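Structure below is data28.pdb: PDB, C-alpha atoms.
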ATOM      1  CA  MET A  13     249.494 158.679  -5.810
ATOM      2  CA  TYR A  14     245.735 158.916  -6.179
ATOM      3  CA  GLY A  15     243.428 160.859  -3.908
ATOM      4  CA  MET A  16     243.234 164.466  -2.841
ATOM      5  CA  PRO A  17     246.361 166.521  -3.400
ATOM      6  CA  THR A  18     248.324 167.989  -0.531
ATOM      7  CA  TYR A  19     249.357 171.623  -0.565
ATOM      8  CA  VAL A  20     252.748 170.633  -2.002
ATOM      9  CA  ASP A  21     251.011 169.100  -5.034
ATOM     10  CA  MET A  22     249.077 172.310  -5.706
ATOM     11  CA  PHE A  23     252.129 174.528  -6.278
ATOM     12  CA  THR A  24     255.178 174.383  -8.485
ATOM     13  CA  PRO A  25     258.489 174.532  -6.600
ATOM     14  CA  ARG A  26     258.831 178.182  -7.679
ATOM     15  CA  GLN A  27     255.315 179.095  -6.458
ATOM     16  CA  LEU A  28     255.832 177.268  -3.185
ATOM     17  CA  LEU A  29     259.162 178.984  -2.619
ATOM     18  CA  ALA A  30     257.604 182.411  -3.274
ATOM     19  CA  LEU A  31     254.617 181.795  -0.972
ATOM     20  CA  LEU A  32     256.748 180.332   1.806
ATOM     21  CA  THR A  33     259.167 183.254   1.527
ATOM     22  CA  PHE A  34     256.250 185.680   1.917
ATOM     23  CA  THR A  35     255.075 183.573   4.873
ATOM     24  CA  LYS A  36     258.501 183.879   6.479
ATOM     25  CA  TRP A  37     258.399 187.668   6.138
ATOM     26  CA  VAL A  38     254.875 187.851   7.552
ATOM     27  CA  ARG A  39     256.044 185.874  10.582
ATOM     28  CA  ASN A  40     259.151 188.039  10.944
ATOM     29  CA  SER A  41     257.019 191.162  10.772
ATOM     30  CA  HIS A  42     254.937 189.812  13.656
ATOM     31  CA  ARG A  43     258.006 189.709  15.883
ATOM     32  CA  GLU A  44     259.048 193.205  14.838
ATOM     33  CA  ILE A  45     255.570 194.716  15.211
ATOM     34  CA  ASN A  46     255.121 192.959  18.551
ATOM     35  CA  GLU A  47     258.119 194.828  19.942
ATOM     36  CA  VAL A  48     256.562 198.197  19.093
ATOM     37  CA  GLU A  49     252.764 197.691  19.117
ATOM     38  CA  LYS A  50     252.099 194.656  21.315
ATOM     39  CA  GLU A  51     248.311 195.156  21.501
ATOM     40  CA  LYS A  52     247.843 195.624  17.766
ATOM     41  CA  SER A  53     250.478 193.229  16.429
ATOM     42  CA  GLN A  54     248.003 190.360  15.991
ATOM     43  CA  ILE A  55     245.665 192.611  13.984
ATOM     44  CA  TYR A  56     248.452 193.732  11.657
ATOM     45  CA  VAL A  57     249.755 190.236  11.119
ATOM     46  CA  SER A  58     246.249 188.871  10.530
ATOM     47  CA  PHE A  59     245.862 191.513   7.825
ATOM     48  CA  LEU A  60     249.150 190.428   6.225
ATOM     49  CA  ALA A  61     248.092 186.776   6.446
ATOM     50  CA  LEU A  62     244.815 187.608   4.660
ATOM     51  CA  ILE A  63     246.812 189.173   1.850
ATOM     52  CA  LEU A  64     249.067 186.125   1.634
ATOM     53  CA  SER A  65     246.131 183.720   1.643
ATOM     54  CA  GLN A  66     244.439 185.669  -1.146
ATOM     55  CA  MET A  67     247.698 185.715  -3.081
ATOM     56  CA  ALA A  68     247.885 181.910  -2.887
ATOM     57  CA  HIS A  69     244.523 181.679  -4.686
ATOM     58  CA  TYR A  70     246.197 183.075  -7.786
ATOM     59  CA  ASN A  71     249.583 181.389  -7.469
ATOM     60  CA  CYS A  72     248.935 177.672  -7.735
ATOM     61  CA  THR A  73     248.716 174.975 -10.365
ATOM     62  CA  SER A  74     244.935 175.423 -10.651
ATOM     63  CA  SER A  75     245.008 179.145 -11.491
ATOM     64  CA  LEU A  76     243.917 180.276 -14.927
ATOM     65  CA  TRP A  77     244.871 183.084 -17.264
ATOM     66  CA  TYR A  78     241.822 184.837 -18.668
ATOM     67  CA  LYS A  79     241.986 187.807 -21.037
ATOM     68  CA  GLU A  80     244.349 190.215 -19.261
ATOM     69  CA  GLY A  81     244.810 188.606 -15.868
ATOM     70  CA  MET A  82     244.757 185.665 -13.534
ATOM     71  CA  LEU A  83     241.667 183.937 -12.207
ATOM     72  CA  SER A  84     241.520 182.521  -8.708
ATOM     73  CA  VAL A  85     241.572 178.774  -8.199
ATOM     74  CA  PHE A  86     238.139 179.164  -6.586
ATOM     75  CA  ILE A  87     236.495 180.941  -9.529
ATOM     76  CA  GLU A  88     234.262 177.898 -10.037
ATOM     77  CA  GLY A  89     233.306 177.396  -6.389
ATOM     78  CA  GLN A  90     234.727 175.816  -3.247
ATOM     79  CA  ALA A  91     236.454 172.969  -4.987
ATOM     80  CA  ILE A  92     239.967 172.599  -6.282
ATOM     81  CA  PRO A  93     239.559 171.662  -9.940
ATOM     82  CA  MET A  94     241.982 169.540 -11.912
ATOM     83  CA  ARG A  95     243.543 171.551 -14.726
ATOM     84  CA  TRP A  96     245.546 170.381 -17.722
ATOM     85  CA  ASP A  97     247.554 173.576 -17.719
ATOM     86  CA  PHE A  98     247.849 176.688 -15.602
ATOM     87  CA  ALA A  99     249.236 180.184 -15.590
ATOM     88  CA  GLU A 100     251.890 181.673 -13.340
ATOM     89  CA  VAL A 101     252.311 185.259 -12.235
ATOM     90  CA  ASN A 102     255.324 187.147 -10.991
ATOM     91  CA  PRO A 103     254.382 187.852  -7.332
ATOM     92  CA  PHE A 104     256.328 191.135  -7.414
ATOM     93  CA  TRP A 105     254.483 192.488 -10.424
ATOM     94  CA  SER A 106     251.426 194.734 -10.006
ATOM     95  CA  ASN A 107     248.689 192.777 -11.770
ATOM     96  CA  VAL A 108     246.110 190.296 -10.450
ATOM     97  CA  GLY A 109     247.503 187.703  -8.059
ATOM     98  CA  THR A 110     250.494 189.686  -6.851
ATOM     99  CA  TRP A 111     251.254 191.020  -3.379
ATOM    100  CA  LYS A 112     250.525 194.584  -4.500
ATOM    101  CA  TYR A 113     247.197 193.617  -6.078
ATOM    102  CA  THR A 114     245.978 191.573  -3.108
ATOM    103  CA  LEU A 115     247.086 194.323  -0.705
ATOM    104  CA  LYS A 116     244.985 196.848  -2.615
ATOM    105  CA  GLN A 117     242.044 194.433  -2.816
ATOM    106  CA  THR A 118     242.150 193.655   0.922
ATOM    107  CA  LEU A 119     242.417 197.356   1.827
ATOM    108  CA  ASN A 120     239.351 198.111  -0.310
ATOM    109  CA  ILE A 121     237.377 195.391   1.462
ATOM    110  CA  LEU A 122     238.396 196.681   4.896
ATOM    111  CA  ARG A 123     237.527 200.269   3.904
ATOM    112  CA  ASN A 124     234.084 199.160   2.730
ATOM    113  CA  LEU A 125     233.527 197.258   5.960
ATOM    114  CA  ASN A 126     234.607 200.289   7.966
ATOM    115  CA  ASN A 127     232.339 202.620   5.970
ATOM    116  CA  ASN A 128     229.386 200.308   6.583
ATOM    117  CA  SER A 129     230.244 199.524  10.201
ATOM    118  CA  SER A 130     227.284 201.503  11.544
ATOM    119  CA  SER A 131     224.936 198.954   9.983
ATOM    120  CA  LEU A 132     226.826 195.996  11.444
ATOM    121  CA  ARG A 133     225.543 194.386  14.584
ATOM    122  CA  LYS A 134     227.424 192.257  17.042
ATOM    123  CA  ILE A 135     227.838 188.763  15.668
ATOM    124  CA  ASP A 136     228.336 185.670  17.792
ATOM    125  CA  ILE A 137     229.714 182.580  16.115
ATOM    126  CA  VAL A 138     229.048 179.311  17.877
ATOM    127  CA  ARG A 139     230.313 175.937  16.747
ATOM    128  CA  THR A 140     227.820 173.357  17.904
ATOM    129  CA  SER A 141     225.345 170.799  16.650
ATOM    130  CA  ALA A 142     222.512 172.400  14.693
ATOM    131  CA  THR A 143     220.093 169.864  16.140
ATOM    132  CA  GLU A 144     220.727 170.839  19.771
ATOM    133  CA  LEU A 145     221.286 174.593  20.029
ATOM    134  CA  PRO A 146     222.038 175.953  23.514
ATOM    135  CA  TYR A 147     219.543 178.821  23.038
ATOM    136  CA  PRO A 148     215.787 179.171  23.582
ATOM    137  CA  ASP A 149     213.349 178.765  20.690
ATOM    138  CA  GLU A 150     212.873 181.796  18.417
ATOM    139  CA  PHE A 151     216.088 183.358  19.759
ATOM    140  CA  PHE A 152     217.678 183.838  16.309
ATOM    141  CA  ASP A 153     216.637 185.629  13.148
ATOM    142  CA  ALA A 154     218.672 183.121  11.138
ATOM    143  CA  ILE A 155     220.756 180.012  11.688
ATOM    144  CA  ILE A 156     223.371 179.295   9.051
ATOM    145  CA  THR A 157     224.777 175.797   8.847
ATOM    146  CA  ASP A 158     227.352 174.112   6.686
ATOM    147  CA  PRO A 159     225.742 170.965   5.318
ATOM    148  CA  PRO A 160     227.846 167.855   4.918
ATOM    149  CA  TYR A 161     229.126 167.622   1.377
ATOM    150  CA  TYR A 162     230.696 164.228   2.004
ATOM    151  CA  ASP A 163     233.343 163.608  -0.693
ATOM    152  CA  ASN A 164     232.141 166.439  -2.938
ATOM    153  CA  ILE A 165     234.339 169.057  -1.213
ATOM    154  CA  SER A 166     237.572 168.023   0.419
ATOM    155  CA  TYR A 167     237.769 170.228   3.494
ATOM    156  CA  ALA A 168     241.207 168.878   4.367
ATOM    157  CA  ALA A 169     242.670 169.959   1.024
ATOM    158  CA  LEU A 170     240.952 173.351   1.244
ATOM    159  CA  SER A 171     242.284 173.982   4.728
ATOM    160  CA  ASP A 172     245.820 173.021   3.650
ATOM    161  CA  PHE A 173     245.516 175.416   0.733
ATOM    162  CA  LEU A 174     244.047 178.362   2.605
ATOM    163  CA  CYS A 175     246.140 178.138   5.760
ATOM    164  CA  LEU A 176     249.639 178.541   4.390
ATOM    165  CA  ALA A 177     250.336 181.425   6.728
TER     166      ALA A 177
END
Take the structure I supplied and represent it as structure tokens, if you would.
Amino acid sequence: MYGMPTYVDMFTPRQLLALLTFTKWVRNSHREINEVEKEKSQIYVSFLALILSQMAHYNCTSSLWYKEGMLSVFIEGQAIPMRWDFAEVNPFWSNVGTWKYTLKQTLNILRNLNNNSSSLRKIDIVRTSATELPYPDEFFDAIITDPPYYDNISYAALSDFLCLA
């Protein structure tokens, strides 16, 4: 079938089984954490889902092997490229693309954000038309929009890929 691939087309059966098994355990951990830490359970599970999402970037049929490790499917931008071949990684190993690697990577990012939190200001995200903002003129320092890329970037395929958890 021609057209944009679905998430099933982007993973081998082995990769899909591994990612869906991790997804099952993330969901199970939510139930277990919720029994003990109800207020913080969503935070913990969101953290685990971030790790799983990052892991999926390296465990698909568009991942590459480069020198001594895997490259993310999105190494070339926000598109899912067609590849003639791909590399696979053992998700229980400790190199790039594994649970252990993405856990360490995500923890480093969160530590850096925490260390720099004094310089962060409150951020409001509003989803609305950029032509009719519900704020007075000169209210913002910057307005960031996502221009329409039409058929250049398939948002549906990207959202299927990134929202496994």
Selected by the PyMOL selection byres ((chain A and resi 64) around 8) in the shown coordinates: which residues, as an NGL selection string?
:A and (31 or 34-35 or 60-63 or 65-68 or 111 or 114 or 177)
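Using all atoms listed in the file, the shortest contact distance between Lys79 in chain A and any of A:Ala99, A:Ile121, A:Leu115, A:Val38 is found at A:Ala99.
The space between CA of His42 in chain A and CA of Ser58 in chain A spans 9.3 Å.
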Hey, which of A:Asn71, A:Gln27, A:Gln54, A:Thr140 ends up closest to Arg39 in chain A? Count all atoms listed in the file.
A:Gln54
Here's the selection I'm unsure about, the PyMOL selection byres ((chain A and resi 81) around 12); applied to the file above, which residues does it give, as a ChimeraX atom specification?
/A:70,75-80,82-84,99-102,105-110,113
Can you work out which one of A:Arg123, A:Arg139, A:His69, A:Lys116 has the shortest atom-to-atom distance to Phe23 in chain A, counting all atoms listed in the file?
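Comparing A:Arg123, A:Arg139, A:His69, A:Lys116 against Phe23 in chain A, the winner is A:His69.
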For Ser141 in chain A, work out the shell of residues within 10 Å, counting only C-alpha atoms and skipping chain neighbours fewer than 4 positions away, then give it as a ChimeraX atom specification.
/A:145-146,157
Output file for the residues above (C-alpha atoms, as a PDB file, in the coordinates of the input):
ATOM      1  CA  LEU A 145     221.286 174.593  20.029  1.00  0.00           C
ATOM      2  CA  PRO A 146     222.038 175.953  23.514  1.00  0.00           C
ATOM      3  CA  THR A 157     224.777 175.797   8.847  1.00  0.00           C
TER       4      THR A 157
END
